[in-house]
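Engineer: The structure that follows is given in the form of structure tokens.
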Amino acid sequence: MKTPTELNAKTIPRILAPKRKKFSWDMFSSVATLIPSLILLGVFVYGFIGWTVYVSFSQWNSLIPNFNSAGFLNYSIIFSSYRFQSDLRNIVVFTAFFIIACLIVGLFLALLIDQKIKVEGFFRSIFLFPMAISFVVTGVVWSWILNPSTGVNLILKAFGWKSLPSWFLSTTIAPNWPFGQIQLGIPVALLAVLIAAVWQMSGFAMAVYLAGLRGISDEIKEAARIDGSGVFRMFFSIILPQLRGTTTTIIIILTAASLKIFGLIYAMTGPGQQFLTDMPSLNMFQTTFQGDQFAQGAAIAIVLLLMIAIFIVPYLIVTLRQGDDA
Amino acid sequence: MKRNRLIALSSAALLTLTMAGSALPAFAAAPAKSDLQIFSWWTGVASSKALRSLITIYEHQYKGSTVTNDAVAGGAGSNAKAVLAGRMEAGNPPGTFQVHAGGGSLLSWVQAGDMKPLNALYKSEGWYKVFPRSLLNLMTFNGKIYGVPVDMQRANVLWYNPTIFRKYHLTAPKTFPQFFHDAAVLKSHGITPLELANHGNWEATLLFSDVLLGTVGPVKYDQLLTGHASWNIPGVKAAANTFVRMLSYANKDYTALHWQQADQAVAQGKAAMNVMGDWAQGYFSTALHLKPGVGFGWAATPQTHGVFGAVSDVFGLPAKLKNDTPTINFLKVLGSKEGQDTFNPLKGTFSPRLDSNMAKYNAYSRSAMMSYKRDRLVLIIGQGAVNPGFTNNFNNAMEIFVSNHNVNNFVSAIVSAAQANPLS
């Protein structure tokens, strides 16, 4: 039931590759210092992944452990359930919007701060502070702000708005194409959750972008300026291409954060009406620990792991390759 | 220099991110050394105070013993159950733990071989005579009894605002036709007839349980919950239709509300009625300082007069303990008249003992006690009554049903839930 949380690129040892050498104390000590973390990683991350895979193929769906093979039954049960199908739609929509919004807002803020303004540190902290708050706190606060009968709607009403948005209580799905048991489209309720998530995480994108912006050498910018490029030309032809690596890093990290989002949803909306704001992590928790359906919960966890791996593994490969070049 | 600082900043930010990512409820830390760990989800003001008083009596009677209060926050034990499952699985059970009476988690633990029977304790303490047989039946499996009940709560209660009801010359509805009559009158005066809260998604399940109970009657209802009747019977569909009709008289923002907010709306006169367990009574009288019968009124939910929807917290004896004695001693205090009459008034519940001191309870609790002693007991779906797998699937079906109102889909989802998770 443990999903692997972090696959840390640094802990994958680069010393596994070198040519055979004679014994040296230097080498011995470096291996000796690595062994404890390798063992811990092996047991608590990869061991438990293996265990979860094993459980997901078993018949353990009550408090009595039952490790008889169920084949792919648990997977077929979850994939045919309305709730899990909704989860998959939600997580794709959520992740796509979350990343695009964080990138745009983060880059915009970083560009503003990079204008050599006074009190730069002050603004930098302000934009980064939401990240220091727990997702649960964010969820509770935003569920009050966006509660349609109180919260921000009262302000909108005072301004004379007639049709007030119902935020996370909306049951609209746009464009609402039937697919299997569910409707494909963008659940409007998710947009309310996205506001909270982007509010919290765009500061992170800003911080990384700011570091990237500061890394662009002044010589390139100077050369472009002498060649007569304007502000927009400078941004799209010089700055944006230089930030490509930074953008990749942000996308990878935010994707991992988005796919395993739990606290925000749990505190803000719960699964929502018709599971419009439900996520695989929430489904996994309730199936496993409230329904005691351990094998089905494990199957959900494994699907979630595979989804995260699709994004993380290419990143690891790229990072390791860069390490070899250096 | 500046760049380095930014990198440090963003890596610190990344660390926060990874920690936020693993925000699943914390799993129990290593337990402290003490004779007895008491595991519960009593972290609220009233319930933790009540538990404290019970522990004080125990420590007074058994000098030198030490107790660790292992309470895990989370409504209806949603998080506590996850922690408990982890500890039981690891062979490290708490001394005793809170569980609802019924065929839900308690039966699951018994079937998993994690509980010891308490028949001898019942005999030596004379408890067979002081607890009603109908209650003991709810925790007796194959003739062995596995829990000691400490409190009793009623889950088929309709709470209403007496001022509003008087103003429009209404009486608390006894039947569904009366309910809909009252609701129509209230609606025509611009008052929300029924306030529903469903943030946790167990609240709508509780309302449906009461509607089902009122529709099919206690005998059929019991058969449904114990797997002796098919969920395909017409009564289930009829109940689902009544439920949908009730929702047309309810507020629309129920997903955003917790049950306290719904009861607050009733107390403030924005809405007229709410269906909730009698933990709402503690909220009315303690948090809102209302007088029973004056500030808030109550009745059995429509067509459930003469039936008591029981939610009882019980404690048992885990099988894998190294030393049973502290747990047995604590259970003696827990089941005693003194323990229960100290605990329950503080918590806002009442003692399930037939000889409890009625003078210690308020007007509401006394009326609930009368019903408890006289009426037939049934369990409530979502409150530890049935197989947790069934309950989870039932709640999932309810999450969809409560907003799309598709009766046929809902009934077929429950039927397949009952097939996948046998109820008997």
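Labeling convention for the structure tokens: chains A, B, ... as they appear, residues from 1 per chain, ligands from 1 in order of appearance.
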Taking only C-alpha atoms into account and nothing else, which residues of chain A lie no more than 6 Å away from chain B? Please answer as a tab-separated table (two decimals) with N, CA, C and O atoms, in the first residue's frame.
Structural biologist:
```
chain	number	residue	atom	x	y	z
A	64	ILE	N	-8.94	-10.36	6.37
A	64	ILE	CA	-8.24	-11.63	6.42
A	64	ILE	C	-7.34	-11.74	5.20
A	64	ILE	O	-7.84	-11.78	4.07
A	207	ALA	N	10.17	30.52	-8.60
A	207	ALA	CA	11.52	30.44	-8.03
A	207	ALA	C	12.47	29.78	-9.00
A	207	ALA	O	13.60	30.24	-9.22
A	211	ALA	N	15.67	31.52	-11.12
A	211	ALA	CA	17.04	31.00	-11.18
A	211	ALA	C	17.47	30.83	-12.63
A	211	ALA	O	18.60	31.16	-13.01
A	263	GLY	N	-3.97	15.63	-0.23
A	263	GLY	CA	-4.41	16.49	0.88
A	263	GLY	C	-5.35	17.59	0.46
A	263	GLY	O	-6.36	17.85	1.12
A	273	GLN	N	-19.43	15.61	-5.98
A	273	GLN	CA	-20.62	15.00	-6.55
A	273	GLN	C	-20.24	14.24	-7.81
A	273	GLN	O	-19.51	14.74	-8.65
A	274	GLN	N	-20.77	13.06	-7.95
A	274	GLN	CA	-20.49	12.20	-9.12
A	274	GLN	C	-19.00	12.04	-9.36
A	274	GLN	O	-18.56	11.87	-10.48
A	289	PHE	N	-8.39	1.54	3.08
A	289	PHE	CA	-8.45	1.66	4.54
A	289	PHE	C	-9.86	1.83	5.08
A	289	PHE	O	-10.08	1.67	6.26
A	291	GLY	N	-12.64	0.60	3.06
A	291	GLY	CA	-13.37	-0.54	2.53
A	291	GLY	C	-12.66	-1.86	2.80
A	291	GLY	O	-13.19	-2.91	2.48
```
Engineer: If we count only C-alpha atoms and set the cut-off at 9 Å, which residues sit around Gly106 of chain A, ignoring sequence neighbours fewer than 3 positions away in its own chain? Please answer as a list of chain:residue names.
Structural biologist: A:Ala101, A:Cys102, A:Leu103, A:Leu109, A:Ala110, A:Leu111, A:Met201, A:Ser202, A:Gly203, A:Phe204, A:Ala205, A:Met206, A:Ala207, A:Val208, A:Tyr209, A:Leu210
Engineer: Since we have the selection now, will you write its residues out, keeping N, CA, C and O atoms, as an mmCIF file, in the first residue's frame?
Structural biologist:
```cif
data_model
loop_
_atom_site.group_PDB
_atom_site.id
_atom_site.type_symbol
_atom_site.label_atom_id
_atom_site.label_comp_id
_atom_site.auth_asym_id
_atom_site.auth_seq_id
_atom_site.Cartn_x
_atom_site.Cartn_y
_atom_site.Cartn_z
ATOM 1 N N ALA A 101 -1.044 26.330 -16.186
ATOM 2 C CA ALA A 101 -1.300 27.534 -15.394
ATOM 3 C C ALA A 101 -0.091 27.896 -14.540
ATOM 4 O O ALA A 101 0.294 29.065 -14.455
ATOM 5 N N CYS A 102 0.539 26.894 -13.909
ATOM 6 C CA CYS A 102 1.701 27.178 -13.060
ATOM 7 C C CYS A 102 2.843 27.750 -13.893
ATOM 8 O O CYS A 102 3.543 28.670 -13.461
ATOM 9 N N LEU A 103 3.050 27.206 -15.088
ATOM 10 C CA LEU A 103 4.136 27.693 -15.945
ATOM 11 C C LEU A 103 3.902 29.149 -16.328
ATOM 12 O O LEU A 103 4.792 29.989 -16.210
ATOM 13 N N LEU A 109 5.443 35.950 -13.085
ATOM 14 C CA LEU A 109 5.928 36.510 -11.816
ATOM 15 C C LEU A 109 7.445 36.647 -11.837
ATOM 16 O O LEU A 109 8.003 37.648 -11.380
ATOM 17 N N ALA A 110 8.122 35.627 -12.385
ATOM 18 C CA ALA A 110 9.579 35.659 -12.408
ATOM 19 C C ALA A 110 10.073 36.826 -13.265
ATOM 20 O O ALA A 110 11.023 37.524 -12.896
ATOM 21 N N LEU A 111 9.397 37.050 -14.399
ATOM 22 C CA LEU A 111 9.791 38.166 -15.259
ATOM 23 C C LEU A 111 9.595 39.502 -14.540
ATOM 24 O O LEU A 111 10.420 40.393 -14.626
ATOM 25 N N MET A 201 1.156 26.485 -5.858
ATOM 26 C CA MET A 201 2.378 25.961 -6.466
ATOM 27 C C MET A 201 3.034 26.861 -7.498
ATOM 28 O O MET A 201 4.145 26.573 -7.938
ATOM 29 N N SER A 202 2.356 27.936 -7.934
ATOM 30 C CA SER A 202 2.987 28.744 -8.976
ATOM 31 C C SER A 202 4.221 29.456 -8.436
ATOM 32 O O SER A 202 5.135 29.791 -9.197
ATOM 33 N N GLY A 203 4.284 29.683 -7.121
ATOM 34 C CA GLY A 203 5.478 30.279 -6.523
ATOM 35 C C GLY A 203 6.709 29.422 -6.740
ATOM 36 O O GLY A 203 7.817 29.934 -6.942
ATOM 37 N N PHE A 204 6.502 28.119 -6.728
ATOM 38 C CA PHE A 204 7.620 27.209 -6.982
ATOM 39 C C PHE A 204 8.134 27.388 -8.413
ATOM 40 O O PHE A 204 9.340 27.525 -8.640
ATOM 41 N N ALA A 205 7.216 27.444 -9.366
ATOM 42 C CA ALA A 205 7.617 27.663 -10.760
ATOM 43 C C ALA A 205 8.342 28.994 -10.890
ATOM 44 O O ALA A 205 9.354 29.101 -11.592
ATOM 45 N N MET A 206 7.853 29.985 -10.158
ATOM 46 C CA MET A 206 8.508 31.293 -10.202
ATOM 47 C C MET A 206 9.945 31.205 -9.721
ATOM 48 O O MET A 206 10.861 31.720 -10.375
ATOM 49 N N ALA A 207 10.168 30.520 -8.599
ATOM 50 C CA ALA A 207 11.516 30.444 -8.025
ATOM 51 C C ALA A 207 12.474 29.776 -9.003
ATOM 52 O O ALA A 207 13.597 30.242 -9.215
ATOM 53 N N VAL A 208 12.024 28.682 -9.628
ATOM 54 C CA VAL A 208 12.906 27.968 -10.552
ATOM 55 C C VAL A 208 13.147 28.813 -11.798
ATOM 56 O O VAL A 208 14.274 28.908 -12.300
ATOM 57 N N TYR A 209 12.085 29.446 -12.296
ATOM 58 C CA TYR A 209 12.248 30.306 -13.471
ATOM 59 C C TYR A 209 13.192 31.470 -13.181
ATOM 60 O O TYR A 209 13.989 31.874 -14.036
ATOM 61 N N LEU A 210 13.096 32.012 -11.983
ATOM 62 C CA LEU A 210 13.945 33.147 -11.628
ATOM 63 C C LEU A 210 15.407 32.717 -11.676
ATOM 64 O O LEU A 210 16.268 33.432 -12.208
#
```
Engineer: Among segment 49-181 of chain A, which residues carry a DSSP assignment of strand (DSSP E), reported as a list in words?
Structural biologist: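 These are the residues in question: Ile173, Ala174, Pro175, Asn176, Trp177, Pro178 and Phe179 of chain A.
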Engineer: Taking the DSSP secondary structure from the backbone, can you list the residues of segment 55-238 of chain A that are helix (DSSP H, G or I), as a PyMOL selection string?
Structural biologist: chain A and resi 55-56+73-79+82-113+120-132+135-145+151-158+167-169+188-215+218-226+231-238
Engineer: Would you compute the distance between atom CA of Glu222 of chain A and atom CA of Gly245 of chain A? Give it in Å to one decimal.
Structural biologist: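 So the answer is 21.5 Å.
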Engineer: Find the spatial neighbours of Thr349 of chain B, counting only C-alpha atoms, within a cut-off of 7 Å - ignore same-chain residues fewer than 4 positions away - and output them as a PyMOL selection string.
Structural biologist: chain B and resi 151-153+344-345
Engineer: Can you list, as a list in words, every protein, DNA or RNA residue that comes within 9 Å of Ala418 of chain B when you count only C-alpha atoms, leaving out same-chain residues fewer than 4 positions away?
Structural biologist: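 With the cut-off at 9 Å, the set is Gly227, Ser230, Trp231, Phe390, Asn393, Phe394, Ala413, Ile414, Pro422 and Leu423 of chain B.
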Engineer: Output all heavy atoms for every residue in that selection, as a tab-separated table (two decimals), in the first residue's frame.
Structural biologist:
```
chain	number	residue	atom	x	y	z
B	227	GLY	N	-27.94	-9.86	4.70
B	227	GLY	CA	-27.82	-10.71	3.52
B	227	GLY	C	-28.91	-11.76	3.39
B	227	GLY	O	-28.77	-12.70	2.61
B	230	SER	N	-32.82	-9.98	-0.81
B	230	SER	CA	-32.13	-9.40	-1.97
B	230	SER	C	-32.36	-7.89	-2.02
B	230	SER	O	-33.46	-7.41	-1.71
B	230	SER	CB	-32.64	-10.03	-3.25
B	230	SER	OG	-32.32	-9.20	-4.34
B	231	TRP	N	-31.34	-7.15	-2.42
B	231	TRP	CA	-31.49	-5.70	-2.57
B	231	TRP	C	-32.32	-5.35	-3.80
B	231	TRP	O	-32.54	-4.19	-4.10
B	231	TRP	CB	-30.12	-5.03	-2.62
B	231	TRP	CG	-29.48	-4.97	-1.27
B	231	TRP	CD1	-28.76	-5.95	-0.67
B	231	TRP	CD2	-29.52	-3.88	-0.33
B	231	TRP	NE1	-28.35	-5.56	0.58
B	231	TRP	CE2	-28.81	-4.30	0.81
B	231	TRP	CE3	-30.10	-2.61	-0.35
B	231	TRP	CZ2	-28.64	-3.47	1.93
B	231	TRP	CZ3	-29.94	-1.80	0.76
B	231	TRP	CH2	-29.23	-2.22	1.89
B	390	PHE	N	-18.69	-3.51	1.41
B	390	PHE	CA	-20.03	-3.16	0.95
B	390	PHE	C	-20.30	-1.68	1.23
B	390	PHE	O	-20.80	-0.95	0.37
B	390	PHE	CB	-21.09	-4.03	1.63
B	390	PHE	CG	-22.50	-3.64	1.30
B	390	PHE	CD1	-23.09	-4.08	0.13
B	390	PHE	CD2	-23.23	-2.83	2.16
B	390	PHE	CE1	-24.40	-3.71	-0.18
B	390	PHE	CE2	-24.52	-2.45	1.86
B	390	PHE	CZ	-25.11	-2.90	0.69
B	393	ASN	N	-18.52	0.56	-1.24
B	393	ASN	CA	-19.18	0.56	-2.54
B	393	ASN	C	-20.53	1.26	-2.49
B	393	ASN	O	-20.93	1.93	-3.43
B	393	ASN	CB	-19.37	-0.88	-3.05
B	393	ASN	CG	-18.04	-1.53	-3.42
B	393	ASN	OD1	-16.99	-0.91	-3.26
B	393	ASN	ND2	-18.07	-2.75	-3.90
B	394	PHE	N	-21.22	1.08	-1.36
B	394	PHE	CA	-22.52	1.74	-1.18
B	394	PHE	C	-22.33	3.25	-1.18
B	394	PHE	O	-23.06	3.98	-1.85
B	394	PHE	CB	-23.14	1.28	0.15
B	394	PHE	CG	-24.56	1.73	0.33
B	394	PHE	CD1	-25.61	0.89	0.02
B	394	PHE	CD2	-24.86	2.99	0.81
B	394	PHE	CE1	-26.92	1.29	0.19
B	394	PHE	CE2	-26.17	3.42	0.98
B	394	PHE	CZ	-27.19	2.56	0.67
B	413	ALA	N	-26.27	-0.83	-8.69
B	413	ALA	CA	-24.93	-0.71	-8.08
B	413	ALA	C	-24.91	-1.35	-6.69
B	413	ALA	O	-23.94	-2.03	-6.33
B	413	ALA	CB	-24.52	0.76	-7.98
B	414	ILE	N	-26.00	-1.19	-5.91
B	414	ILE	CA	-26.04	-1.81	-4.57
B	414	ILE	C	-26.14	-3.32	-4.69
B	414	ILE	O	-25.51	-4.05	-3.93
B	414	ILE	CB	-27.23	-1.31	-3.73
B	414	ILE	CG1	-27.31	0.19	-3.73
B	414	ILE	CG2	-27.10	-1.78	-2.30
B	414	ILE	CD1	-28.50	0.67	-2.94
B	422	PRO	N	-20.15	-10.16	0.31
B	422	PRO	CA	-21.26	-10.85	0.96
B	422	PRO	C	-21.56	-10.28	2.34
B	422	PRO	O	-20.65	-9.97	3.10
B	422	PRO	CB	-20.75	-12.29	1.08
B	422	PRO	CG	-19.63	-12.40	0.12
B	422	PRO	CD	-19.07	-11.04	-0.07
B	423	LEU	N	-22.88	-10.17	2.63
B	423	LEU	CA	-23.29	-9.55	3.89
B	423	LEU	C	-23.51	-10.57	4.99
B	423	LEU	O	-23.76	-10.21	6.13
B	423	LEU	CB	-24.56	-8.74	3.66
B	423	LEU	CG	-24.36	-7.52	2.76
B	423	LEU	CD1	-25.68	-6.92	2.36
B	423	LEU	CD2	-23.50	-6.49	3.46
```
Engineer: Just the number, please: distance in Å from atom CA of Ala295 of chain A to atom CA of Gly71 of chain A, one decimal.
Structural biologist: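 Those two atoms sit 11.0 Å apart.
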Engineer: Which of these residues is nearest to Ile328 of chain B, using only C-alpha atoms: B:Gly306, B:Pro93, B:Gly147, B:Gly214?
Structural biologist: B:Gly147
Engineer: Hey, can you check how far atom CA of Lys260 of chain A sits from atom CA of Ser281 of chain A?
Structural biologist: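 Taking atom CA of Lys260 of chain A as the start and atom CA of Ser281 of chain A as the end point, the length is 6.1 Å.
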Engineer: List as a list in words the protein and nucleic acid residues near Lys220 of chain B, meaning an atom at most 12 Å away when only C-alpha atoms are counted, but skip any in the same chain fewer than 5 places from it.
Structural biologist: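 Contacts, in chain order: Leu212, Leu213, Gly214, Thr215, Leu225, Thr226, Gly227, His228, Ala229, Ser230, Trp231, Ile233, Pro234, Gly235, Val236 and Val378 of chain B.
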Engineer: Could the residues in this selection be written to a file with N, CA, C and O atoms, as a PDB file, in the first residue's frame?
Structural biologist:
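Wrote part21.pdb, looks like this:
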```pdb
ATOM      1  N   LEU B 212     -34.996   4.048   4.013  1.00  0.00           N
ATOM      2  CA  LEU B 212     -35.185   2.622   3.722  1.00  0.00           C
ATOM      3  C   LEU B 212     -35.871   1.910   4.886  1.00  0.00           C
ATOM      4  O   LEU B 212     -36.821   1.147   4.698  1.00  0.00           O
ATOM      5  N   LEU B 213     -35.393   2.217   6.098  1.00  0.00           N
ATOM      6  CA  LEU B 213     -35.981   1.630   7.304  1.00  0.00           C
ATOM      7  C   LEU B 213     -37.463   1.972   7.406  1.00  0.00           C
ATOM      8  O   LEU B 213     -38.295   1.116   7.709  1.00  0.00           O
ATOM      9  N   GLY B 214     -37.791   3.239   7.128  1.00  0.00           N
ATOM     10  CA  GLY B 214     -39.190   3.664   7.206  1.00  0.00           C
ATOM     11  C   GLY B 214     -40.042   3.062   6.101  1.00  0.00           C
ATOM     12  O   GLY B 214     -41.245   2.890   6.263  1.00  0.00           O
ATOM     13  N   THR B 215     -39.414   2.738   4.979  1.00  0.00           N
ATOM     14  CA  THR B 215     -40.174   2.213   3.842  1.00  0.00           C
ATOM     15  C   THR B 215     -40.429   0.713   3.969  1.00  0.00           C
ATOM     16  O   THR B 215     -41.553   0.258   3.780  1.00  0.00           O
ATOM     17  N   LEU B 225     -29.731  -6.036   5.571  1.00  0.00           N
ATOM     18  CA  LEU B 225     -28.402  -5.762   6.099  1.00  0.00           C
ATOM     19  C   LEU B 225     -27.629  -7.028   6.452  1.00  0.00           C
ATOM     20  O   LEU B 225     -26.396  -6.998   6.544  1.00  0.00           O
ATOM     21  N   THR B 226     -28.359  -8.119   6.677  1.00  0.00           N
ATOM     22  CA  THR B 226     -27.659  -9.348   7.042  1.00  0.00           C
ATOM     23  C   THR B 226     -27.581 -10.329   5.879  1.00  0.00           C
ATOM     24  O   THR B 226     -27.194 -11.479   6.059  1.00  0.00           O
ATOM     25  N   GLY B 227     -27.944  -9.859   4.697  1.00  0.00           N
ATOM     26  CA  GLY B 227     -27.819 -10.713   3.520  1.00  0.00           C
ATOM     27  C   GLY B 227     -28.909 -11.762   3.388  1.00  0.00           C
ATOM     28  O   GLY B 227     -28.771 -12.698   2.614  1.00  0.00           O
ATOM     29  N   HIS B 228     -30.008 -11.604   4.140  1.00  0.00           N
ATOM     30  CA  HIS B 228     -31.089 -12.579   4.058  1.00  0.00           C
ATOM     31  C   HIS B 228     -32.206 -12.148   3.115  1.00  0.00           C
ATOM     32  O   HIS B 228     -33.210 -12.824   2.988  1.00  0.00           O
ATOM     33  N   ALA B 229     -32.053 -10.979   2.509  1.00  0.00           N
ATOM     34  CA  ALA B 229     -33.027 -10.551   1.498  1.00  0.00           C
ATOM     35  C   ALA B 229     -32.252  -9.897   0.374  1.00  0.00           C
ATOM     36  O   ALA B 229     -31.176  -9.350   0.586  1.00  0.00           O
ATOM     37  N   SER B 230     -32.819  -9.978  -0.815  1.00  0.00           N
ATOM     38  CA  SER B 230     -32.126  -9.395  -1.966  1.00  0.00           C
ATOM     39  C   SER B 230     -32.364  -7.894  -2.018  1.00  0.00           C
ATOM     40  O   SER B 230     -33.456  -7.413  -1.705  1.00  0.00           O
ATOM     41  N   TRP B 231     -31.345  -7.154  -2.422  1.00  0.00           N
ATOM     42  CA  TRP B 231     -31.492  -5.701  -2.566  1.00  0.00           C
ATOM     43  C   TRP B 231     -32.316  -5.353  -3.805  1.00  0.00           C
ATOM     44  O   TRP B 231     -32.540  -4.192  -4.103  1.00  0.00           O
ATOM     45  N   ILE B 233     -35.463  -6.164  -4.114  1.00  0.00           N
ATOM     46  CA  ILE B 233     -36.891  -6.099  -3.773  1.00  0.00           C
ATOM     47  C   ILE B 233     -37.440  -4.701  -4.075  1.00  0.00           C
ATOM     48  O   ILE B 233     -36.697  -3.715  -4.057  1.00  0.00           O
ATOM     49  N   PRO B 234     -38.767  -4.617  -4.360  1.00  0.00           N
ATOM     50  CA  PRO B 234     -39.365  -3.329  -4.739  1.00  0.00           C
ATOM     51  C   PRO B 234     -39.197  -2.252  -3.671  1.00  0.00           C
ATOM     52  O   PRO B 234     -39.114  -1.062  -3.999  1.00  0.00           O
ATOM     53  N   GLY B 235     -39.128  -2.661  -2.389  1.00  0.00           N
ATOM     54  CA  GLY B 235     -39.022  -1.680  -1.302  1.00  0.00           C
ATOM     55  C   GLY B 235     -37.787  -0.805  -1.425  1.00  0.00           C
ATOM     56  O   GLY B 235     -37.820   0.392  -1.099  1.00  0.00           O
ATOM     57  N   VAL B 236     -36.688  -1.370  -1.908  1.00  0.00           N
ATOM     58  CA  VAL B 236     -35.453  -0.596  -2.036  1.00  0.00           C
ATOM     59  C   VAL B 236     -35.646   0.501  -3.076  1.00  0.00           C
ATOM     60  O   VAL B 236     -35.262   1.654  -2.880  1.00  0.00           O
ATOM     61  N   VAL B 378     -32.068  -1.559  15.464  1.00  0.00           N
ATOM     62  CA  VAL B 378     -31.522  -1.911  14.144  1.00  0.00           C
ATOM     63  C   VAL B 378     -30.222  -1.135  13.959  1.00  0.00           C
ATOM     64  O   VAL B 378     -29.950  -0.179  14.675  1.00  0.00           O
TER      65      VAL B 378
END
```
Engineer: Need the shell around Trp144 of chain A: protein/DNA/RNA residues with any atom at most 12 Å away, counting only C-alpha atoms. Skip same-chain ones fewer than 2 positions apart. Format as a ChimeraX atom specification?
Structural biologist: /A:137-142,146-154,167-168,192,196,267-269 /B:256-258
Engineer: Just the selected residues (N, CA, C and O atoms), exported as a short mmCIF file (atom, residue, chain, number, x, y, z; two decimals), in the first residue's frame, please.
Structural biologist:
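Generated file (part02.cif):
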```cif
data_model
loop_
_atom_site.label_atom_id
_atom_site.label_comp_id
_atom_site.auth_asym_id
_atom_site.auth_seq_id
_atom_site.Cartn_x
_atom_site.Cartn_y
_atom_site.Cartn_z
N VAL A 137 -4.37 22.90 4.69
CA VAL A 137 -4.79 24.26 5.08
C VAL A 137 -5.31 24.99 3.86
O VAL A 137 -6.38 25.61 3.90
N THR A 138 -4.57 24.90 2.75
CA THR A 138 -5.02 25.53 1.51
C THR A 138 -6.42 25.05 1.15
O THR A 138 -7.29 25.84 0.79
N GLY A 139 -6.62 23.75 1.26
CA GLY A 139 -7.91 23.16 0.89
C GLY A 139 -9.04 23.71 1.73
O GLY A 139 -10.08 24.10 1.21
N VAL A 140 -8.84 23.77 3.04
CA VAL A 140 -9.90 24.26 3.93
C VAL A 140 -10.20 25.72 3.64
O VAL A 140 -11.36 26.11 3.49
N VAL A 141 -9.15 26.54 3.51
CA VAL A 141 -9.35 27.97 3.29
C VAL A 141 -10.10 28.21 1.97
O VAL A 141 -11.09 28.94 1.93
N TRP A 142 -9.65 27.53 0.91
CA TRP A 142 -10.30 27.76 -0.38
C TRP A 142 -11.70 27.17 -0.44
O TRP A 142 -12.54 27.63 -1.20
N LEU A 146 -14.54 29.61 -1.76
CA LEU A 146 -15.30 29.28 -2.97
C LEU A 146 -16.64 28.60 -2.68
O LEU A 146 -17.30 28.13 -3.59
N ASN A 147 -17.03 28.53 -1.40
CA ASN A 147 -18.36 28.00 -1.10
C ASN A 147 -19.41 28.92 -1.72
O ASN A 147 -19.46 30.10 -1.42
N PRO A 148 -20.24 28.38 -2.63
CA PRO A 148 -21.12 29.25 -3.41
C PRO A 148 -22.11 30.07 -2.59
O PRO A 148 -22.53 31.14 -3.03
N SER A 149 -22.51 29.56 -1.40
CA SER A 149 -23.52 30.33 -0.67
C SER A 149 -22.87 31.35 0.28
O SER A 149 -23.56 32.17 0.86
N THR A 150 -21.57 31.27 0.47
CA THR A 150 -20.89 32.30 1.27
C THR A 150 -19.72 32.79 0.43
O THR A 150 -19.84 32.96 -0.75
N GLY A 151 -18.61 33.04 1.05
CA GLY A 151 -17.36 33.29 0.34
C GLY A 151 -17.41 34.37 -0.72
O GLY A 151 -18.14 35.36 -0.60
N VAL A 152 -16.64 34.14 -1.77
CA VAL A 152 -16.40 35.18 -2.77
C VAL A 152 -17.68 35.53 -3.53
O VAL A 152 -17.83 36.63 -4.04
N ASN A 153 -18.65 34.62 -3.55
CA ASN A 153 -19.89 34.90 -4.26
C ASN A 153 -20.65 36.08 -3.65
O ASN A 153 -21.39 36.77 -4.34
N LEU A 154 -20.47 36.30 -2.33
CA LEU A 154 -21.15 37.43 -1.70
C LEU A 154 -20.62 38.74 -2.27
O LEU A 154 -21.38 39.70 -2.48
N TRP A 167 -18.82 27.11 -8.48
CA TRP A 167 -17.48 26.65 -8.12
C TRP A 167 -17.38 25.14 -8.05
O TRP A 167 -17.81 24.46 -8.96
N PHE A 168 -16.90 24.62 -6.89
CA PHE A 168 -16.64 23.17 -6.85
C PHE A 168 -17.91 22.34 -6.69
O PHE A 168 -17.85 21.12 -6.60
N ALA A 192 -12.25 24.96 -9.84
CA ALA A 192 -12.17 25.60 -8.53
C ALA A 192 -11.00 25.04 -7.73
O ALA A 192 -10.26 25.76 -7.07
N ALA A 196 -7.03 26.83 -6.34
CA ALA A 196 -6.30 26.64 -5.09
C ALA A 196 -4.91 26.05 -5.33
O ALA A 196 -3.91 26.49 -4.76
N ALA A 267 -9.22 17.69 1.80
CA ALA A 267 -9.70 18.75 2.69
C ALA A 267 -10.70 19.66 1.99
O ALA A 267 -11.62 20.16 2.63
N MET A 268 -10.54 19.88 0.69
CA MET A 268 -11.35 20.90 0.04
C MET A 268 -12.72 20.39 -0.42
O MET A 268 -13.74 20.99 -0.10
N THR A 269 -12.75 19.32 -1.15
CA THR A 269 -14.02 18.89 -1.75
C THR A 269 -14.38 17.45 -1.45
O THR A 269 -15.52 17.06 -1.64
N ALA B 256 -20.79 20.94 0.19
CA ALA B 256 -19.85 21.84 0.86
C ALA B 256 -20.05 21.86 2.37
O ALA B 256 -19.25 22.45 3.09
N LEU B 257 -21.12 21.24 2.87
CA LEU B 257 -21.47 21.39 4.28
C LEU B 257 -21.08 20.19 5.13
O LEU B 257 -21.17 19.05 4.69
N HIS B 258 -20.65 20.48 6.36
CA HIS B 258 -20.49 19.45 7.38
C HIS B 258 -21.78 19.39 8.20
O HIS B 258 -22.53 20.37 8.22
#
```
Engineer: My list of candidates is B:Ala172, B:Ile380, B:Val307, B:Ala73. Which is closest to Val219 of chain B when distances are computed with only C-alpha atoms?
Structural biologist: B:Val307
